[in-house]
>>> print(open('target-v9.csv').read())   # CSV, C-alpha atoms
chain,number,residue,atom,x,y,z
G,1,MET,CA,117.2,82.2,74.4
G,2,SER,CA,115.4,79.3,76.1
G,3,ASP,CA,113.7,76.6,74.4
G,4,TYR,CA,111.3,75.0,76.8
G,5,ASN,CA,108.2,73.5,75.3
G,6,ALA,CA,105.5,75.6,76.9
G,7,ASP,CA,102.1,73.8,77.3
G,8,SER,CA,100.4,77.2,78.0
G,9,GLN,CA,101.2,80.8,77.5
G,10,LEU,CA,100.2,83.9,79.5
G,11,ASP,CA,100.8,87.5,78.6
G,12,CYS,CA,100.8,89.9,81.7
G,13,SER,CA,102.3,92.8,79.8
G,14,GLY,CA,101.2,96.1,81.1
G,15,LEU,CA,99.8,94.7,84.3
G,16,ASN,CA,101.1,95.7,87.7
G,17,CYS,CA,101.4,94.1,91.1
G,18,PRO,CA,99.7,91.9,92.2
G,19,LEU,CA,98.1,90.9,88.9
G,20,PRO,CA,101.0,89.0,87.3
G,21,VAL,CA,101.2,86.7,90.3
G,22,LEU,CA,97.4,86.2,90.5
G,23,LYS,CA,97.1,85.5,86.8
G,24,THR,CA,100.1,83.1,86.9
G,25,LYS,CA,98.6,81.2,89.8
G,26,LYS,CA,95.3,80.9,87.9
G,27,ALA,CA,97.0,79.7,84.7
G,28,MET,CA,99.1,77.2,86.7
G,29,ASP,CA,95.9,75.8,88.3
G,30,ASP,CA,94.8,74.7,84.8
G,31,LEU,CA,98.0,72.7,84.1
G,32,ALA,CA,98.8,69.1,84.9
G,33,SER,CA,101.8,68.2,87.0
G,34,GLY,CA,105.0,68.5,84.9
G,35,GLN,CA,103.5,70.9,82.4
G,36,VAL,CA,105.2,74.2,81.6
G,37,LEU,CA,103.8,77.7,81.5
G,38,LYS,CA,105.4,80.6,79.7
G,39,MET,CA,104.6,83.9,81.3
G,40,VAL,CA,105.6,87.3,80.0
G,41,SER,CA,105.4,90.5,82.0
G,42,THR,CA,106.6,94.1,81.9
G,43,ASP,CA,106.5,94.6,85.7
G,44,PRO,CA,110.1,94.7,87.0
G,45,GLY,CA,108.7,93.6,90.4
G,46,SER,CA,107.5,90.4,89.0
G,47,LEU,CA,111.1,89.1,88.9
G,48,ASN,CA,111.2,88.8,92.7
G,49,ASP,CA,107.5,88.2,93.1
G,50,ILE,CA,107.4,85.2,90.8
G,51,ALA,CA,110.5,83.7,92.5
G,52,ALA,CA,108.8,84.2,95.9
G,53,TRP,CA,105.5,82.7,94.7
G,54,VAL,CA,107.4,79.7,93.4
G,55,LYS,CA,109.2,79.2,96.7
G,56,ARG,CA,105.9,79.2,98.6
G,57,THR,CA,103.9,77.0,96.3
G,58,GLY,CA,106.5,74.4,95.4
G,59,ASN,CA,106.3,74.9,91.7
G,60,GLU,CA,109.6,75.2,89.7
G,61,LEU,CA,111.0,78.3,88.0
G,62,LEU,CA,112.9,76.8,85.1
G,63,GLU,CA,114.2,80.1,83.9
G,64,SER,CA,113.5,83.8,84.0
G,65,ILE,CA,114.9,86.1,81.3
G,66,ALA,CA,115.0,89.9,81.4
G,67,GLU,CA,115.4,91.7,78.2
G,68,ASP,CA,114.3,95.0,76.7
G,69,GLY,CA,111.9,95.7,79.5
G,70,HIS,CA,110.2,92.3,79.1
G,71,PHE,CA,110.5,89.5,81.6
G,72,THR,CA,109.9,85.9,80.5
G,73,PHE,CA,109.3,83.1,83.0
G,74,TYR,CA,109.2,79.4,82.4
G,75,LEU,CA,107.3,77.7,85.2
G,76,LYS,CA,106.9,74.0,85.7
G,77,LYS,CA,103.9,72.8,87.7
G,78,SER,CA,104.8,70.6,90.6
I,1,MET,CA,86.2,78.9,112.9
I,2,THR,CA,88.7,76.3,111.7
I,3,GLU,CA,91.8,74.8,113.2
I,4,SER,CA,95.0,75.6,111.3
I,5,ASN,CA,95.6,72.8,108.8
I,6,GLY,CA,99.4,73.3,108.4
I,7,GLU,CA,99.1,76.0,105.8
I,8,LYS,CA,100.4,79.5,106.6
I,9,ARG,CA,97.6,81.7,107.8
I,10,MET,CA,97.2,85.5,107.5
I,11,ALA,CA,94.8,87.6,109.5
I,12,LEU,CA,94.1,91.2,108.5
I,13,ILE,CA,92.0,94.0,110.0
I,14,ALA,CA,90.8,96.6,107.4
I,15,SER,CA,89.7,99.7,109.3
I,16,LYS,CA,89.8,102.4,106.6
I,17,GLY,CA,87.6,103.0,103.6
I,18,THR,CA,89.4,105.4,101.4
I,19,LEU,CA,90.8,104.3,98.0
I,20,ASP,CA,94.4,104.3,99.0
I,21,TRP,CA,93.7,102.3,102.1
I,22,ALA,CA,91.3,99.9,100.3
I,23,TYR,CA,94.2,98.5,98.2
I,24,PRO,CA,96.6,97.0,100.8
I,25,PRO,CA,94.2,94.5,102.4
I,26,PHE,CA,92.8,93.3,99.1
I,27,ILE,CA,96.3,93.1,97.4
I,28,LEU,CA,97.8,91.2,100.3
I,29,ALA,CA,94.8,88.9,100.8
I,30,SER,CA,94.5,87.9,97.1
I,31,THR,CA,98.3,87.4,96.8
I,32,ALA,CA,98.5,85.4,100.1
I,33,ALA,CA,95.7,83.2,98.8
I,34,ALA,CA,97.6,82.7,95.5
I,35,MET,CA,100.6,81.6,97.7
I,36,GLU,CA,98.3,79.0,99.3
I,37,MET,CA,97.8,80.7,102.6
I,38,GLU,CA,94.6,80.7,104.5
I,39,VAL,CA,93.4,84.3,104.7
I,40,GLY,CA,90.8,86.2,106.7
I,41,ILE,CA,90.0,89.9,106.7
I,42,PHE,CA,88.0,91.6,109.5
I,43,PHE,CA,86.3,94.7,108.2
I,44,THR,CA,85.6,97.2,110.9
I,45,PHE,CA,84.7,100.9,111.2
I,46,TYR,CA,85.3,102.7,107.8
I,47,GLY,CA,86.7,99.5,106.4
I,48,LEU,CA,83.2,98.0,106.5
I,49,THR,CA,82.2,100.1,103.5
I,50,LEU,CA,84.6,98.0,101.3
I,51,LEU,CA,82.2,95.1,101.6
I,52,THR,CA,79.2,96.9,100.1
I,53,LYS,CA,78.0,95.8,96.7
I,54,ASP,CA,78.6,99.1,95.1
I,55,ILE,CA,81.9,100.6,96.5
I,56,LYS,CA,83.0,104.1,95.8
I,57,PRO,CA,86.2,104.6,97.8
I,58,LYS,CA,87.7,108.1,97.4
I,59,VAL,CA,91.1,109.5,98.2
I,60,ALA,CA,91.3,112.3,100.8
I,61,PRO,CA,94.1,114.7,99.7
I,62,HIS,CA,93.3,117.0,102.6
I,63,THR,CA,95.5,116.4,105.6
I,64,ASN,CA,97.6,114.2,103.4
I,65,PRO,CA,100.6,116.4,102.4
I,66,ALA,CA,102.6,113.3,101.2
I,67,MET,CA,100.2,112.6,98.4
I,68,PRO,CA,101.9,113.2,95.0
I,69,MET,CA,99.9,115.6,92.9
I,70,LYS,CA,100.6,114.5,89.3
I,71,MET,CA,98.5,114.3,86.1
I,72,PRO,CA,97.8,110.9,84.6
I,73,PHE,CA,97.7,112.3,81.0
I,74,GLY,CA,99.7,114.4,78.6
I,75,PRO,CA,103.4,114.2,77.6
I,76,GLU,CA,105.9,112.5,79.9
I,77,GLY,CA,107.4,115.8,81.1
I,78,PHE,CA,103.9,117.2,82.0
I,79,GLN,CA,103.1,114.0,83.9
I,80,GLN,CA,106.2,114.4,86.0
I,81,ILE,CA,105.2,117.9,87.2
I,82,GLU,CA,104.4,118.0,90.9
I,83,TRP,CA,101.4,120.3,91.3
I,84,SER,CA,102.2,121.4,94.8
I,85,MET,CA,99.2,122.9,96.5
I,86,PRO,CA,98.7,124.2,100.0
I,87,ASN,CA,96.9,121.5,102.0
I,88,VAL,CA,94.4,123.8,103.5
I,89,LEU,CA,93.2,124.8,100.0
I,90,MET,CA,92.6,121.2,99.0
I,91,GLY,CA,90.2,120.7,101.9
I,92,ASN,CA,88.2,123.8,101.0
I,93,ILE,CA,87.8,123.7,97.2
I,94,PRO,CA,84.4,122.0,96.4
I,95,GLY,CA,84.9,118.9,94.3
I,96,PHE,CA,88.6,118.7,94.9
I,97,GLU,CA,88.3,115.3,96.5
I,98,THR,CA,86.2,113.9,93.6
I,99,MET,CA,88.7,115.3,91.1
I,100,ALA,CA,91.7,113.8,92.9
I,101,THR,CA,89.9,110.5,93.2
I,102,SER,CA,89.2,110.3,89.4
I,103,LEU,CA,92.8,111.3,88.6
I,104,MET,CA,94.2,108.6,90.9
I,105,LYS,CA,91.8,106.0,89.5
I,106,GLN,CA,93.0,107.0,86.0
I,107,THR,CA,96.6,106.7,87.1
I,108,PHE,CA,96.0,103.2,88.5
I,109,LYS,CA,94.3,102.2,85.3
I,110,ASN,CA,97.2,103.6,83.2
I,111,LYS,CA,99.7,101.7,85.3
I,112,GLY,CA,97.9,98.4,84.9
I,113,VAL,CA,96.7,98.2,88.5
I,114,ALA,CA,93.6,96.2,89.2
I,115,THR,CA,90.4,97.9,90.5
I,116,ILE,CA,89.3,97.3,94.1
I,117,GLU,CA,86.3,95.4,92.8
I,118,GLU,CA,88.5,93.0,90.7
I,119,LEU,CA,90.8,92.3,93.7
I,120,ARG,CA,87.8,91.7,95.9
I,121,ASP,CA,86.3,89.3,93.4
I,122,ILE,CA,89.6,87.4,93.3
I,123,CYS,CA,89.6,87.2,97.1
I,124,LEU,CA,86.1,85.7,97.1
I,125,GLU,CA,86.9,83.2,94.4
I,126,SER,CA,90.0,82.1,96.1
I,127,GLY,CA,88.3,81.5,99.4
I,128,VAL,CA,89.5,84.5,101.5
I,129,LYS,CA,87.2,84.9,104.5
I,130,LEU,CA,85.6,88.3,104.5
I,131,ILE,CA,84.2,89.1,108.0
I,132,GLY,CA,82.1,92.1,108.6
I,133,CYS,CA,82.1,93.7,112.0
I,134,GLN,CA,78.6,93.3,113.6
I,135,MET,CA,79.0,96.2,115.9
I,136,THR,CA,80.0,98.6,113.1
I,137,MET,CA,77.0,97.4,111.1
I,138,ASP,CA,74.7,98.3,114.0
I,139,VAL,CA,76.4,101.7,114.5
I,140,PHE,CA,76.4,102.8,110.8
I,141,GLY,CA,73.1,101.1,109.9
I,142,PHE,CA,74.2,98.4,107.5
I,143,ASN,CA,72.6,95.0,107.1
I,144,LYS,CA,74.0,91.8,105.5
I,145,ASN,CA,72.0,92.5,102.3
I,146,ASP,CA,74.1,95.6,101.7
I,147,PHE,CA,77.2,93.4,101.3
I,148,VAL,CA,78.5,91.2,98.5
I,149,ASP,CA,77.6,87.5,98.8
I,150,GLY,CA,80.0,85.4,100.7
I,151,VAL,CA,80.6,87.8,103.6
I,152,ASP,CA,80.6,86.4,107.2
I,153,ILE,CA,79.5,88.5,110.1
I,154,GLY,CA,81.2,88.4,113.4
I,155,GLY,CA,82.8,90.4,116.3
I,156,ALA,CA,86.1,90.8,118.0
I,157,ALA,CA,86.1,87.2,119.3
I,158,THR,CA,85.5,85.8,115.9
I,159,PHE,CA,88.5,87.6,114.5
I,160,LEU,CA,90.8,86.8,117.4
I,161,GLU,CA,89.9,83.1,117.3
I,162,PHE,CA,91.1,83.1,113.7
I,163,ALA,CA,94.0,85.4,114.3
I,164,ALA,CA,95.3,83.4,117.3
I,165,ASP,CA,96.7,80.7,114.9
I,166,ALA,CA,97.8,83.1,112.2
I,167,ASP,CA,101.5,83.4,111.1
I,168,ILE,CA,100.9,87.0,109.8
I,169,GLN,CA,98.6,89.6,111.5
I,170,LEU,CA,98.3,93.1,110.2
I,171,PHE,CA,96.1,96.1,111.1
I,172,VAL,CA,95.5,98.2,108.0
>>> encode(input="target-v9.csv", output="structure tokens")
Amino acid sequence: MSDYNADSQLDCSGLNCPLPVLKTKKAMDDLASGQVLKMVSTDPGSLNDIAAWVKRTGNELLESIAEDGHFTFYLKKS
Amino acid sequence: MTESNGEKRMALIASKGTLDWAYPPFILASTAAAMEMEVGIFFTFYGLTLLTKDIKPKVAPHTNPAMPMKMPFGPEGFQQIEWSMPNVLMGNIPGFETMATSLMKQTFKNKGVATIEELRDICLESGVKLIGCQMTMDVFGFNKNDFVDGVDIGGAATFLEFAADADIQLFV
């Protein structure tokens, strides 16, 4: 288990493409540089999608954890 | 329109107005905007109806034999049943299209998929350019008041000028 101090949390459980990415983008907009968002989703596609989103936007994916059909992401705002 | 400012740019043409074809342009545009791309969608022919304030896109099962016919309710095993139906029947049963549309909308809802209206709102909020085709408006009798706020009107040259500097161009 990870232990990042999340400044903000977002639950995207039950949502499908492209909502986890869109809601993550919106939540990250509200953070200051260096702050961390914890996002949880149940969409298996979000593993690749969040990684792709991070690559394009320059934010940092600290860790992604897949367990029991839940995917947890720790994202650091650039 | 604008000179490219170093961001990636995506230019889409949305030419179809059924529910299934309404999703791709709005999904791609909202996601591209979230990925900090500059996005424009040119709505032409039947795609133009996706700009109206009240949109009611339907699915057209007739002539679409690839469409899975499954029920969005009941036990898991029941939901997996493929209700194979001759295509010629689908087109001739009154109300079939309406029923198929509501079943598909229910399926989308069950699976946590956004509605077309939600995705369109996100596009507008995130600065996606929605361009209505002037010629199609004249042909089908639309005026700008029929459309949601924030829609631009233009023709082929307007789109091409934007698309000329695009990194991604797709015709949907």
>>> interface_residues(input="target-v9.csv", of="chain G", to="chain I", cutoff="12 Å", atoms="only C-alpha atoms", output="VMD selection string")
chain G and resid 12 to 29 41 to 43 49 to 59
>>> residues_around(input="target-v9.csv", residues="Leu31 in chain G", least_positions_apart="3", cutoff="9 Å", atoms="only C-alpha atoms", output="PyMOL selection string")
chain G and resi 7-8+27-28+34-37+77
>>> residues_near_point(input="target-v9.csv", point="(98.9, 115.4, 92.9)", cutoff="9 Å", atoms="only C-alpha atoms", output="PyMOL selection string")
chain I and resi 61+67-71+81-85+100+103-104
>>> write_last_selection(input="target-v9.csv", atoms="C-alpha atoms", output="PDB file, keeping the file's coordinate frame")
ATOM      1  CA  PRO I  61      94.100 114.700  99.700  1.00  0.00           C
ATOM      2  CA  MET I  67     100.200 112.600  98.400  1.00  0.00           C
ATOM      3  CA  PRO I  68     101.900 113.200  95.000  1.00  0.00           C
ATOM      4  CA  MET I  69      99.900 115.600  92.900  1.00  0.00           C
ATOM      5  CA  LYS I  70     100.600 114.500  89.300  1.00  0.00           C
ATOM      6  CA  MET I  71      98.500 114.300  86.100  1.00  0.00           C
ATOM      7  CA  ILE I  81     105.200 117.900  87.200  1.00  0.00           C
ATOM      8  CA  GLU I  82     104.400 118.000  90.900  1.00  0.00           C
ATOM      9  CA  TRP I  83     101.400 120.300  91.300  1.00  0.00           C
ATOM     10  CA  SER I  84     102.200 121.400  94.800  1.00  0.00           C
ATOM     11  CA  MET I  85      99.200 122.900  96.500  1.00  0.00           C
ATOM     12  CA  ALA I 100      91.700 113.800  92.900  1.00  0.00           C
ATOM     13  CA  LEU I 103      92.800 111.300  88.600  1.00  0.00           C
ATOM     14  CA  MET I 104      94.200 108.600  90.900  1.00  0.00           C
TER      15      MET I 104
END
>>> residues_around(input="target-v9.csv", residues="range 141-157 of chain I", least_positions_apart="5", cutoff="9 Å", atoms="all atoms listed in the file", output="PyMOL selection string")
chain I and resi 42+49-54+124+129-136+162
>>> residues_near_point(input="target-v9.csv", point="(120.5, 86.1, 86.9)", cutoff="12 Å", atoms="only C-alpha atoms", output="PyMOL selection string")
chain G and resi 47-48+51+63-67+71
>>> closest_residue(input="target-v9.csv", among="G:Ser78, G:Phe73, G:Asp68, G:Met39", to="Asp11 in chain G", atoms="all atoms listed in the file")
G:Met39
>>> atom_distance(input="target-v9.csv", atom1="CA of Val128 in chain I", atom2="CA of Ser15 in chain I")
17.1 Å
>>> atom_distance(input="target-v9.csv", atom1="CA of Leu48 in chain I", atom2="CA of Ala14 in chain I")
7.8 Å
>>> atom_distance(input="target-v9.csv", atom1="CA of Gly47 in chain I", atom2="CA of Ile116 in chain I")
12.8 Å
>>> residues_around(input="target-v9.csv", residues="Phe96 in chain I", least_positions_apart="5", cutoff="12 Å", atoms="only C-alpha atoms", output="list in words")
Lys58, Val59, Ala60, Pro61, His62, Met69, Met85, Asn87, Val88, Leu89, Met90, Gly91, Thr101, Ser102 and Leu103 of chain I
>>> build_atoms(input="target-v9.csv", residues="range 91-109 of chain I", atoms="N, CA, C and O atoms", output="JSON list (two decimals), in the frame of the given file")
[["chain", "number", "residue", "atom", "x", "y", "z"],
["I", 91, "GLY", "N", 91.34, 121.08, 101.05],
["I", 91, "GLY", "CA", 90.20, 120.70, 101.90],
["I", 91, "GLY", "C", 89.00, 121.63, 101.68],
["I", 91, "GLY", "O", 87.89, 121.32, 102.10],
["I", 92, "ASN", "N", 89.24, 122.78, 101.06],
["I", 92, "ASN", "CA", 88.20, 123.80, 101.00],
["I", 92, "ASN", "C", 87.65, 124.05, 99.58],
["I", 92, "ASN", "O", 86.67, 124.75, 99.41],
["I", 93, "ILE", "N", 88.30, 123.49, 98.57],
["I", 93, "ILE", "CA", 87.80, 123.70, 97.20],
["I", 93, "ILE", "C", 86.72, 122.60, 96.96],
["I", 93, "ILE", "O", 87.01, 121.40, 97.04],
["I", 94, "PRO", "N", 85.48, 123.01, 96.67],
["I", 94, "PRO", "CA", 84.40, 122.00, 96.40],
["I", 94, "PRO", "C", 84.79, 121.13, 95.23],
["I", 94, "PRO", "O", 85.29, 121.64, 94.22],
["I", 95, "GLY", "N", 84.60, 119.86, 95.37],
["I", 95, "GLY", "CA", 84.90, 118.90, 94.30],
["I", 95, "GLY", "C", 86.30, 118.50, 94.15],
["I", 95, "GLY", "O", 86.63, 117.67, 93.31],
["I", 96, "PHE", "N", 87.16, 119.04, 95.00],
["I", 96, "PHE", "CA", 88.60, 118.70, 94.90],
["I", 96, "PHE", "C", 88.81, 117.20, 95.11],
["I", 96, "PHE", "O", 89.58, 116.54, 94.40],
["I", 97, "GLU", "N", 88.10, 116.68, 96.11],
["I", 97, "GLU", "CA", 88.30, 115.30, 96.50],
["I", 97, "GLU", "C", 87.82, 114.36, 95.32],
["I", 97, "GLU", "O", 88.48, 113.38, 94.98],
["I", 98, "THR", "N", 86.69, 114.72, 94.70],
["I", 98, "THR", "CA", 86.20, 113.90, 93.60],
["I", 98, "THR", "C", 87.16, 113.96, 92.41],
["I", 98, "THR", "O", 87.44, 112.93, 91.78],
["I", 99, "MET", "N", 87.73, 115.16, 92.15],
["I", 99, "MET", "CA", 88.70, 115.30, 91.10],
["I", 99, "MET", "C", 89.93, 114.47, 91.35],
["I", 99, "MET", "O", 90.41, 113.71, 90.50],
["I", 100, "ALA", "N", 90.45, 114.58, 92.57],
["I", 100, "ALA", "CA", 91.70, 113.80, 92.90],
["I", 100, "ALA", "C", 91.41, 112.33, 92.84],
["I", 100, "ALA", "O", 92.28, 111.58, 92.42],
["I", 101, "THR", "N", 90.20, 111.92, 93.22],
["I", 101, "THR", "CA", 89.90, 110.50, 93.20],
["I", 101, "THR", "C", 89.87, 110.00, 91.73],
["I", 101, "THR", "O", 90.45, 108.95, 91.41],
["I", 102, "SER", "N", 89.25, 110.78, 90.81],
["I", 102, "SER", "CA", 89.20, 110.30, 89.40],
["I", 102, "SER", "C", 90.58, 110.33, 88.79],
["I", 102, "SER", "O", 90.91, 109.46, 87.99],
["I", 103, "LEU", "N", 91.42, 111.31, 89.18],
["I", 103, "LEU", "CA", 92.80, 111.30, 88.60],
["I", 103, "LEU", "C", 93.58, 110.13, 89.14],
["I", 103, "LEU", "O", 94.32, 109.50, 88.38],
["I", 104, "MET", "N", 93.40, 109.78, 90.40],
["I", 104, "MET", "CA", 94.20, 108.60, 90.90],
["I", 104, "MET", "C", 93.67, 107.34, 90.30],
["I", 104, "MET", "O", 94.47, 106.47, 89.96],
["I", 105, "LYS", "N", 92.35, 107.23, 90.12],
["I", 105, "LYS", "CA", 91.80, 106.00, 89.50],
["I", 105, "LYS", "C", 92.37, 105.88, 88.06],
["I", 105, "LYS", "O", 92.70, 104.79, 87.61],
["I", 106, "GLN", "N", 92.46, 107.02, 87.35],
["I", 106, "GLN", "CA", 93.00, 107.00, 86.00],
["I", 106, "GLN", "C", 94.47, 106.57, 86.02],
["I", 106, "GLN", "O", 94.91, 105.80, 85.17],
["I", 107, "THR", "N", 95.21, 107.08, 87.01],
["I", 107, "THR", "CA", 96.60, 106.70, 87.10],
["I", 107, "THR", "C", 96.76, 105.21, 87.35],
["I", 107, "THR", "O", 97.57, 104.55, 86.71],
["I", 108, "PHE", "N", 95.95, 104.67, 88.25],
["I", 108, "PHE", "CA", 96.00, 103.20, 88.50],
["I", 108, "PHE", "C", 95.71, 102.45, 87.23],
["I", 108, "PHE", "O", 96.38, 101.47, 86.91],
["I", 109, "LYS", "N", 94.70, 102.91, 86.49],
["I", 109, "LYS", "CA", 94.30, 102.20, 85.30],
["I", 109, "LYS", "C", 95.49, 102.26, 84.24],
["I", 109, "LYS", "O", 95.83, 101.25, 83.64]]
